[in-house]
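Structure file protein_3.cif (mmCIF, C-alpha atoms) follows.
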data_start
loop_
_atom_site.label_atom_id
_atom_site.label_comp_id
_atom_site.auth_asym_id
_atom_site.auth_seq_id
_atom_site.Cartn_x
_atom_site.Cartn_y
_atom_site.Cartn_z
CA MET A 1 0.00 0.00 0.00
CA ASN A 2 1.48 3.41 -0.94
CA SER A 3 1.85 6.24 1.57
CA ARG A 4 -1.12 8.21 0.26
CA ALA A 5 -3.40 5.18 0.52
CA GLN A 6 -2.21 4.62 4.10
CA VAL A 7 -3.00 8.23 5.00
CA VAL A 8 -6.47 7.97 3.45
CA ARG A 9 -7.15 4.68 5.25
CA ARG A 10 -6.06 6.15 8.61
CA THR A 11 -8.24 9.20 7.97
CA LEU A 12 -11.25 7.01 7.18
CA CYS A 13 -10.77 4.96 10.35
CA PHE A 14 -10.36 8.12 12.44
CA LEU A 15 -13.53 9.67 11.00
CA LEU A 16 -15.53 6.52 11.58
CA ALA A 17 -14.30 6.24 15.17
CA ALA A 18 -14.88 9.92 15.86
CA SER A 19 -18.36 9.91 14.39
CA ILE A 20 -19.41 6.88 16.44
CA ALA A 21 -17.86 8.32 19.59
CA SER A 22 -19.81 11.54 19.10
CA VAL A 23 -23.21 9.83 19.49
CA PRO A 24 -24.83 11.10 22.72
CA VAL A 25 -27.46 9.38 24.86
CA ALA A 26 -30.64 8.29 23.11
CA SER A 27 -32.83 10.69 25.11
CA GLN A 28 -31.59 13.68 23.10
CA THR A 29 -33.88 14.75 20.27
CA GLN A 30 -31.09 15.26 17.73
CA THR A 31 -28.11 12.96 17.58
CA PRO A 32 -24.98 14.45 15.95
CA VAL A 33 -23.54 12.06 13.41
CA THR A 34 -20.78 12.20 10.81
CA LEU A 35 -21.50 10.11 7.73
CA VAL A 36 -18.35 8.85 6.03
CA ALA A 37 -18.18 8.16 2.30
CA THR A 38 -15.34 7.12 0.03
CA GLY A 39 -15.59 7.32 -3.70
CA SER A 40 -14.64 8.54 -7.13
CA SER A 41 -12.95 11.89 -7.63
CA LEU A 42 -15.16 12.63 -10.68
CA PRO A 43 -18.20 13.80 -8.65
CA GLU A 44 -16.12 14.94 -5.66
CA PRO A 45 -16.76 18.70 -6.14
CA LEU A 46 -20.52 18.10 -6.20
CA TYR A 47 -20.55 15.66 -3.29
CA VAL A 48 -18.53 18.05 -1.16
CA ALA A 49 -20.95 20.87 -2.08
CA TRP A 50 -23.88 18.61 -1.19
CA GLY A 51 -22.32 17.82 2.17
CA ASP A 52 -21.79 21.49 2.98
CA ALA A 53 -25.31 22.49 1.93
CA TYR A 54 -26.91 19.60 3.81
CA HIS A 55 -24.96 20.35 6.99
CA ALA A 56 -26.00 24.01 6.80
CA GLN A 57 -29.64 22.92 6.82
CA HIS A 58 -29.16 19.96 9.19
CA PRO A 59 -26.38 20.91 11.64
CA GLU A 60 -26.68 17.57 13.43
CA THR A 61 -25.34 15.74 10.35
CA GLN A 62 -21.93 16.15 8.76
CA LEU A 63 -20.59 14.34 5.70
CA ARG A 64 -16.97 13.49 4.95
CA TYR A 65 -16.11 12.44 1.39
CA LEU A 66 -12.73 10.79 0.75
CA PRO A 67 -11.88 10.49 -2.98
CA GLU A 68 -10.16 7.09 -3.00
CA GLY A 69 -11.52 5.84 -6.33
CA THR A 70 -14.41 3.72 -7.53
CA SER A 71 -12.86 0.28 -6.94
CA GLU A 72 -11.65 1.04 -3.41
CA SER A 73 -14.98 2.62 -2.49
CA ALA A 74 -16.92 -0.42 -3.67
CA ARG A 75 -14.55 -2.75 -1.85
CA LYS A 76 -15.06 -0.94 1.45
CA ILE A 77 -18.85 -0.77 1.21
CA LEU A 78 -19.13 -4.43 0.22
CA ALA A 79 -17.01 -5.26 3.26
CA GLY A 80 -19.31 -3.24 5.53
CA VAL A 81 -16.93 -0.28 6.04
CA GLY A 82 -18.36 3.24 5.75
CA ASP A 83 -21.85 4.69 5.42
CA LEU A 84 -21.86 5.48 1.70
CA GLY A 85 -19.70 4.83 -1.33
CA GLY A 86 -19.45 6.69 -4.59
CA GLY A 87 -18.46 5.25 -7.94
CA ASP A 88 -18.81 5.50 -11.70
CA ALA A 89 -19.12 1.78 -12.46
CA PRO A 90 -21.71 -0.83 -11.50
CA THR A 91 -20.28 -3.42 -9.14
CA PRO A 92 -19.92 -6.88 -10.75
CA GLU A 93 -22.81 -9.20 -9.89
CA ASN A 94 -20.55 -11.84 -8.35
CA GLU A 95 -19.07 -9.25 -5.97
CA LEU A 96 -22.52 -8.06 -4.92
CA LYS A 97 -23.48 -11.64 -4.10
CA ARG A 98 -20.38 -12.04 -1.90
CA ALA A 99 -20.96 -8.77 -0.01
CA SER A 100 -21.11 -8.93 3.77
CA VAL A 101 -24.33 -6.88 3.62
CA PRO A 102 -26.84 -6.27 0.79
CA VAL A 103 -25.91 -3.13 -1.14
CA LEU A 104 -28.01 -0.80 -3.29
CA GLU A 105 -26.53 1.11 -6.23
CA LEU A 106 -28.46 4.30 -6.84
CA PRO A 107 -27.58 6.83 -9.57
CA THR A 108 -27.18 10.40 -8.35
CA ILE A 109 -26.49 12.43 -11.50
CA LEU A 110 -25.37 11.97 -15.08
CA ILE A 111 -21.80 12.62 -16.14
CA GLY A 112 -20.00 12.84 -19.44
CA ILE A 113 -16.39 11.88 -19.95
CA ALA A 114 -14.81 14.57 -22.09
CA ILE A 115 -11.87 13.76 -24.33
CA VAL A 116 -9.51 16.66 -23.61
CA TYR A 117 -6.48 17.65 -25.64
CA ASN A 118 -3.69 20.21 -25.90
CA LEU A 119 -2.88 21.25 -29.46
CA PRO A 120 -0.98 24.56 -29.35
CA ASN A 121 -1.46 26.91 -32.29
CA THR A 122 -3.95 24.52 -33.89
CA PRO A 123 -7.36 26.17 -34.23
CA GLY A 124 -10.56 24.26 -34.78
CA GLU A 125 -12.57 21.62 -32.96
CA LEU A 126 -11.07 18.15 -32.98
CA ARG A 127 -13.37 15.34 -34.12
CA LEU A 128 -12.85 11.72 -33.14
CA SER A 129 -14.69 8.45 -33.56
CA GLY A 130 -14.72 5.51 -31.17
CA PRO A 131 -12.47 3.28 -33.31
CA VAL A 132 -9.90 6.04 -33.88
CA LEU A 133 -9.92 7.00 -30.20
CA ALA A 134 -9.40 3.34 -29.28
CA ASP A 135 -6.37 3.17 -31.57
CA VAL A 136 -4.95 6.33 -29.97
CA PHE A 137 -5.17 4.83 -26.48
CA LEU A 138 -3.82 1.51 -27.76
CA GLY A 139 -0.78 3.34 -29.14
CA LYS A 140 -1.56 2.29 -32.72
CA VAL A 141 -2.24 5.85 -33.88
CA LYS A 142 0.90 7.62 -32.75
CA ALA A 143 0.98 11.02 -34.51
CA TRP A 144 -1.53 13.83 -34.69
CA ASN A 145 -1.37 13.88 -38.49
CA ASP A 146 -2.14 10.17 -38.79
CA PRO A 147 -4.51 9.63 -41.75
CA ALA A 148 -7.18 8.18 -39.42
CA ILE A 149 -7.36 11.52 -37.58
CA THR A 150 -6.88 13.85 -40.54
CA LYS A 151 -9.73 12.11 -42.40
CA LEU A 152 -12.09 13.14 -39.58
CA ASN A 153 -10.62 16.65 -39.44
CA PRO A 154 -9.99 17.85 -43.00
CA THR A 155 -10.06 21.55 -42.06
CA MET A 156 -7.55 21.30 -39.19
CA LYS A 157 -3.80 21.59 -39.79
CA LEU A 158 -2.69 18.81 -37.48
CA PRO A 159 1.03 18.61 -36.69
CA ALA A 160 3.36 15.73 -37.50
CA LEU A 161 4.12 15.31 -33.80
CA PRO A 162 3.71 12.37 -31.41
CA ILE A 163 0.47 12.12 -29.43
CA GLN A 164 1.18 12.28 -25.70
CA VAL A 165 -1.40 9.92 -24.20
CA VAL A 166 -2.52 10.43 -20.59
CA HIS A 167 -4.73 7.88 -18.84
CA ARG A 168 -5.96 7.43 -15.28
CA THR A 169 -4.38 5.07 -12.75
CA ASP A 170 -6.01 1.75 -11.88
CA GLY A 171 -9.30 1.51 -10.03
CA LYS A 172 -10.93 4.64 -11.48
CA GLY A 173 -14.51 5.05 -12.65
CA ALA A 174 -13.45 7.26 -15.55
CA ASN A 175 -11.46 4.28 -16.86
CA TYR A 176 -14.57 2.14 -16.73
CA ILE A 177 -16.77 4.62 -18.61
CA LEU A 178 -14.22 5.29 -21.35
CA SER A 179 -13.24 1.64 -21.74
CA ASP A 180 -16.91 0.61 -21.83
CA PHE A 181 -17.40 2.96 -24.78
CA LEU A 182 -14.23 1.91 -26.58
CA CYS A 183 -14.92 -1.80 -26.12
CA LYS A 184 -18.29 -1.36 -27.84
CA LEU A 185 -16.62 0.24 -30.89
CA SER A 186 -13.29 -1.58 -31.07
CA PRO A 187 -12.90 -5.37 -30.78
CA ASP A 188 -9.14 -4.76 -30.68
CA PHE A 189 -9.46 -2.55 -27.61
CA LEU A 190 -11.69 -5.12 -25.93
CA ALA A 191 -9.12 -7.85 -26.57
CA LYS A 192 -5.98 -5.90 -25.64
CA ALA A 193 -7.04 -3.41 -22.95
CA GLY A 194 -10.43 -4.62 -21.77
CA ARG A 195 -13.40 -3.08 -20.01
CA GLY A 196 -13.14 -2.04 -16.37
CA GLU A 197 -11.75 0.33 -13.79
CA SER A 198 -8.21 -0.92 -14.56
CA PRO A 199 -7.73 -1.45 -18.31
CA LYS A 200 -4.38 -2.77 -19.51
CA TRP A 201 -3.18 0.49 -21.06
CA PRO A 202 -0.35 -0.29 -23.51
CA ALA A 203 0.65 3.36 -24.01
CA GLY A 204 0.86 6.65 -22.20
CA VAL A 205 1.49 8.03 -18.73
CA SER A 206 -0.91 7.96 -15.79
CA ALA A 207 -2.69 10.57 -13.67
CA ALA A 208 -4.09 9.65 -10.28
CA ARG A 209 -7.03 12.00 -9.71
CA SER A 210 -9.35 13.90 -12.03
CA GLN A 211 -7.62 17.18 -11.25
CA ASP A 212 -4.24 15.54 -11.89
CA MET A 213 -5.47 14.56 -15.35
CA ALA A 214 -6.60 18.11 -16.08
CA ASP A 215 -3.28 19.53 -14.87
CA ARG A 216 -1.23 17.02 -16.89
CA VAL A 217 -3.06 17.69 -20.15
CA ARG A 218 -2.94 21.46 -19.62
CA SER A 219 0.81 21.40 -19.03
CA THR A 220 1.73 18.88 -21.77
CA PRO A 221 1.68 20.09 -25.38
CA TRP A 222 0.33 17.57 -27.93
CA SER A 223 -1.39 15.55 -25.20
CA ILE A 224 -4.76 13.83 -25.02
CA GLY A 225 -6.64 12.55 -21.99
CA TYR A 226 -10.12 12.35 -20.46
CA THR A 227 -12.01 13.69 -17.47
CA GLU A 228 -15.48 14.67 -16.32
CA ALA A 229 -16.95 17.29 -18.64
CA ASN A 230 -17.85 19.79 -15.93
CA LEU A 231 -14.29 19.70 -14.62
CA ALA A 232 -12.86 20.02 -18.14
CA GLN A 233 -14.99 23.07 -18.82
CA GLY A 234 -14.02 24.66 -15.51
CA ALA A 235 -10.36 24.04 -16.30
CA SER A 236 -10.76 25.65 -19.77
CA LEU A 237 -9.55 22.50 -21.52
CA ARG A 238 -10.36 21.88 -25.16
CA MET A 239 -12.86 19.06 -25.64
CA ALA A 240 -13.16 16.87 -28.72
CA ARG A 241 -16.42 16.22 -30.54
CA ILE A 242 -17.14 12.48 -30.44
CA LYS A 243 -19.05 10.61 -33.14
CA ASN A 244 -22.32 9.11 -31.90
CA VAL A 245 -24.55 6.34 -33.26
CA ALA A 246 -26.46 8.85 -35.39
CA GLY A 247 -23.22 9.89 -37.09
CA GLU A 248 -23.06 13.29 -35.39
CA PHE A 249 -19.95 14.72 -33.75
CA VAL A 250 -21.15 15.85 -30.33
CA LEU A 251 -19.67 17.77 -27.42
CA PRO A 252 -20.51 16.78 -23.83
CA THR A 253 -23.18 19.19 -22.58
CA THR A 254 -25.94 18.79 -20.03
CA GLN A 255 -28.39 18.35 -22.90
CA SER A 256 -26.36 15.79 -24.88
CA ILE A 257 -25.56 13.81 -21.72
CA SER A 258 -29.23 13.85 -20.64
CA THR A 259 -30.25 12.65 -24.12
CA ALA A 260 -28.03 9.60 -23.67
CA ALA A 261 -29.97 8.66 -20.53
CA LEU A 262 -33.35 9.23 -22.14
CA GLU A 263 -32.43 7.04 -25.11
CA SER A 264 -31.09 4.16 -22.99
CA ASN A 265 -32.90 1.24 -21.42
CA VAL A 266 -32.39 1.56 -17.66
CA ARG A 267 -32.82 -1.60 -15.62
CA ASP A 268 -34.92 -1.64 -12.45
CA ASP A 269 -31.72 -1.93 -10.41
CA PHE A 270 -30.28 1.11 -12.29
CA ARG A 271 -27.16 -0.82 -13.36
CA ALA A 272 -27.24 0.53 -16.90
CA SER A 273 -24.54 1.38 -19.42
CA LEU A 274 -25.29 4.68 -21.17
CA THR A 275 -22.27 4.70 -23.49
CA ASN A 276 -22.86 4.78 -27.25
CA ALA A 277 -26.57 5.40 -26.68
CA PRO A 278 -28.76 5.85 -29.76
CA GLY A 279 -30.59 9.03 -30.68
CA LYS A 280 -29.78 12.35 -32.30
CA GLY A 281 -27.88 14.71 -30.07
CA SER A 282 -26.73 11.96 -27.71
CA TYR A 283 -23.21 12.21 -26.29
CA PRO A 284 -21.69 8.73 -26.53
CA ILE A 285 -19.37 8.70 -23.47
CA ALA A 286 -22.03 9.28 -20.82
CA SER A 287 -22.79 7.46 -17.59
CA PHE A 288 -24.51 7.58 -14.28
CA THR A 289 -22.43 8.08 -11.20
CA TRP A 290 -23.76 5.92 -8.38
CA LEU A 291 -23.94 5.83 -4.61
CA TYR A 292 -23.21 2.42 -3.09
CA ILE A 293 -25.42 2.08 -0.01
CA PRO A 294 -25.63 -0.73 2.56
CA VAL A 295 -29.30 -1.72 2.82
CA LYS A 296 -29.00 -2.11 6.60
CA SER A 297 -26.83 0.15 8.73
CA GLN A 298 -24.98 -1.35 11.69
CA ASP A 299 -26.32 1.54 13.77
CA PRO A 300 -30.03 2.55 13.51
CA GLU A 301 -29.29 6.23 14.12
CA ARG A 302 -26.75 6.32 11.32
CA GLY A 303 -29.18 4.45 9.09
CA ARG A 304 -31.83 7.12 9.68
CA ALA A 305 -29.28 9.82 8.90
CA VAL A 306 -28.41 8.10 5.61
CA ILE A 307 -32.09 7.86 4.63
CA ALA A 308 -32.69 11.53 5.39
CA TYR A 309 -29.65 12.53 3.36
CA LEU A 310 -30.67 10.40 0.38
CA ARG A 311 -34.13 11.96 0.31
CA TRP A 312 -32.48 15.38 0.26
CA VAL A 313 -30.10 14.33 -2.55
CA TYR A 314 -33.04 13.38 -4.79
CA GLY A 315 -34.88 16.57 -3.91
CA GLU A 316 -33.01 19.78 -3.27
CA GLY A 317 -29.69 18.15 -4.09
CA GLN A 318 -30.70 17.76 -7.73
CA GLN A 319 -31.31 21.49 -8.05
CA ILE A 320 -27.89 22.21 -6.55
CA ALA A 321 -26.33 19.81 -9.08
CA GLN A 322 -28.13 21.51 -11.94
CA ASP A 323 -27.04 24.95 -10.73
CA ARG A 324 -23.44 23.72 -10.75
CA GLY A 325 -23.67 22.60 -14.38
CA TYR A 326 -24.32 18.87 -13.99
CA ALA A 327 -26.90 16.87 -15.93
CA ILE A 328 -29.48 15.68 -13.41
CA LEU A 329 -31.66 12.59 -13.44
CA PRO A 330 -34.81 12.73 -15.58
CA ASP A 331 -37.93 13.19 -13.44
CA LYS A 332 -39.37 9.69 -13.98
CA LEU A 333 -36.05 8.04 -13.19
CA ARG A 334 -35.51 10.23 -10.15
CA ALA A 335 -38.91 9.19 -8.79
CA LYS A 336 -37.97 5.52 -9.18
CA VAL A 337 -34.63 6.05 -7.46
CA LEU A 338 -36.28 7.94 -4.61
CA ALA A 339 -38.74 5.07 -4.15
CA ALA A 340 -35.83 2.63 -3.98
CA THR A 341 -34.39 4.49 -0.98
CA THR A 342 -37.18 2.97 1.12
CA GLU A 343 -35.19 -0.28 1.09
CA VAL A 344 -32.51 1.37 3.28
CA HIS A 345 -32.99 1.00 7.04
#

Output the file's structure in the form of C-alpha cells.
Amino acid sequence: MNSRAQVVRRTLCFLLAASIASVPVASQTQTPVTLVATGSSLPEPLYVAWGDAYHAQHPETQLRYLPEGTSESARKILAGVGDLGGGDAPTPENELKRASVPVLELPTILIGIAIVYNLPNTPGELRLSGPVLADVFLGKVKAWNDPAITKLNPTMKLPALPIQVVHRTDGKGANYILSDFLCKLSPDFLAKAGRGESPKWPAGVSAARSQDMADRVRSTPWSIGYTEANLAQGASLRMARIKNVAGEFVLPTTQSISTAALESNVRDDFRASLTNAPGKGSYPIASFTWLYIPVKSQDPERGRAVIAYLRWVYGEGQQIAQDRGYAILPDKLRAKVLAATTEVH
C-alpha cells in the first residue's frame, strides 16, 4: 500500500471512530452524526458541495467524502466499512453476491467523460470516432497527423508530432466509462485493454485523480486525456467532438448527456450502461455516477441519517447539481430512485 493510501485509510478509520464516539445518549432529540463516504474523484466537487449544503440545513449531520476511487470505495462498502460509497461503475454481480451486507446502487447524477487535448497553435474543434480513439489509447495511432485523424478533421492543420497519451491510474470510474465505450466500438481494444476500472493500457502516462489529469493535459503540449466534462470546462480544456450512433460529432453538454440517458434502457436496479446510446444529439461517453449504499446500517441512528440525506439528494440536491452545471436525473427516473431508498434502514 502506498503512503497516500495509508494516510487515506487512517483518515477514514479516524472519522468513523470519531463519528461513532460523538453519538450522545438516546434521550436527546437530535443525535450528531458524521457520515463517512469514500468514492470517485469525478463527482467529488458536487458531493462536497452537497455535504456542505446539507450540513448548513441539518447541523446535526456532517458528511466526509474521501476520494479514494471507484474500486476502493466499492470494496469498502461491500465489506461493511463506511456509510456510503461513490463510484462510476456498476459493481460486478458476483461481488454483490459475496458482499457482507446487501448493497443498493443508486444513480445520483449523469456525467459525461470529455476527451480533452492540448494542441498549441492549432485552431478548430477536434473530431474523433470511437475506433480512432481506441487506436490512440492503444498506441496504434501515434501522430496527430495520422490519416485516421486527418480524415475526420480535413479543415484542421494537425502537426506531425507524437500524441502524448494520458490515462488514469487503476481503479478509477473514468477508466470504466471510457473503456466501456471503446470496447463497444473496437474489438481490438476489448481484446488488448479490456473493459473495467483498470484497463491494460499499452501506451501513455498515468494521472491519479481527475484534477491531476486536467493539470497534466494542460501542461503537456500535444497531449490527449479524459475527465469529467464539468471539470474540463471549468479548467478551460479543449474538448473533442465524439461521433455518436447517429453519425453526429457531439460535445458533452448537459443536454447531450441527458439525451443519452433518455435514449437508454435503464434496468430496475439502475445498473445501466449509457455509453454509445442511440438518438440524435446523444453524447456517446455518458454514464450515471452511483452511490453504493448498505441496505441495513450497523447503527439505527446512522441508518436514519443516511435515509434523510438520500431523500435530500433526490430533492433539493438535484437542483444544486443543476445549478453547478451537472446533468441531473430525468424526473421519472428520479422518482424511481427515490422510491428505492425505502429499502434502506

Discussion item. Selection in question (the file shown): the PyMOL selection byres ((chain A and resi 186-198) around 10). Which residues does it include, as a PyMOL selection string?
Written reply: chain A and resi 69-71+88-90+130-135+137-138+168-185+199-202

Item to complete: Just give me the gap between CA of Met156 (chain A) and CA of Phe249 (chain A) in Å, one decimal is fine.
Response: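 That distance, rounded to one decimal, is 15.1 Å.
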
Practice prompt. Determine the residue set returned by the PyMOL selection byres ((chain A and resi 235) around 12) for the present structure, and present it as number ranges by chain.
Written response: A: 114, 116-117, 210-219, 227-234, 236-239

Box in all listed atoms of region 307-326 of chain A, axis-aligned, with 6 Å more on each side; write out centre and edge lengths in Å to one decimal as AutoDock Vina command-line options.
--center_x -29.2 --center_y 16.4 --center_z -4.5 --size_x 23.4 --size_y 29.1 --size_z 31.8

Item to complete: Identify, on the basis of all atoms listed in the file, every residue whose closest approach to Asp268 (chain A) does not exceed 10 Å; exclude the query and any residue fewer than 6 positions from it along the same chain; express the result as a list in words.
Response: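 Using all atoms listed in the file, the neighbours found are Leu333, Lys336, Val337 and Ala340 of chain A.
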
Worksheet item: Can you tell me, as a list in words, which residues sit within 8 Å of (-16.1, 14.1, 6.3) in the file's frame, using all atoms listed in the file?
Response: Leu15, Thr34, Leu35, Val36, Ala37, Gln62, Leu63, Arg64, Tyr65 and Leu66 of chain A

Worksheet item: For the file shown, what are the residues hit by the PyMOL selection byres ((chain A and resi 289) around 7), laid out as a ChimeraX atom specification?
Response: /A:87-88,107-111,287-288,290

If you count all atoms listed in the file, which residues fall within 12 Å of Thr150 (chain A), apart from same-chain ones fewer than 5 positions away, as a short mmCIF file (atom, residue, chain, number, x, y, z; two decimals) with C-alpha atoms, keeping the file's coordinate frame?
data_model
loop_
_atom_site.label_atom_id
_atom_site.label_comp_id
_atom_site.auth_asym_id
_atom_site.auth_seq_id
_atom_site.Cartn_x
_atom_site.Cartn_y
_atom_site.Cartn_z
CA LEU A 126 -11.07 18.15 -32.98
CA ARG A 127 -13.37 15.34 -34.12
CA LEU A 128 -12.85 11.72 -33.14
CA SER A 129 -14.69 8.45 -33.56
CA VAL A 132 -9.90 6.04 -33.88
CA VAL A 141 -2.24 5.85 -33.88
CA ALA A 143 0.98 11.02 -34.51
CA TRP A 144 -1.53 13.83 -34.69
CA ASN A 145 -1.37 13.88 -38.49
CA THR A 155 -10.06 21.55 -42.06
CA MET A 156 -7.55 21.30 -39.19
CA LYS A 157 -3.80 21.59 -39.79
CA LEU A 158 -2.69 18.81 -37.48
CA PRO A 159 1.03 18.61 -36.69
CA ALA A 160 3.36 15.73 -37.50
#

Worksheet item: Looking at all atoms listed in the file, which of A:Tyr309, A:Tyr326, A:Tyr292, A:Tyr283 is the one that sits closest to Gly86 (chain A)?
Response: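 Of A:Tyr309, A:Tyr326, A:Tyr292, A:Tyr283, the one nearest Gly86 (chain A) is A:Tyr292, counting all atoms listed in the file.
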
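Picture a line from CA of Leu84 (chain A) to CA of Tyr226 (chain A); it runs 26.0 Å.
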
Practice prompt. Extract, using all atoms listed in the file, all DNA, RNA and protein residues at most 10 Å from Gly315 (chain A), discarding same-chain residues fewer than 5 positions from it, and format them as a ChimeraX atom specification.
Written response: /A:309-310,320,334-335,338

Discussion item. Using all atoms listed in the file for the distances, tell me which of A:Asp146, A:Glu125, A:Asp52, A:Glu60 is nearest to Pro32 (chain A).
Written reply: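 Of the candidates, the smallest distance to Pro32 (chain A) is held by A:Glu60.
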
Worksheet item: Of the residues A:Pro102, A:Ala208, A:Lys151, A:Val136, which is the one nearest to Ser223 (chain A), using all atoms listed in the file?
Response: A:Val136
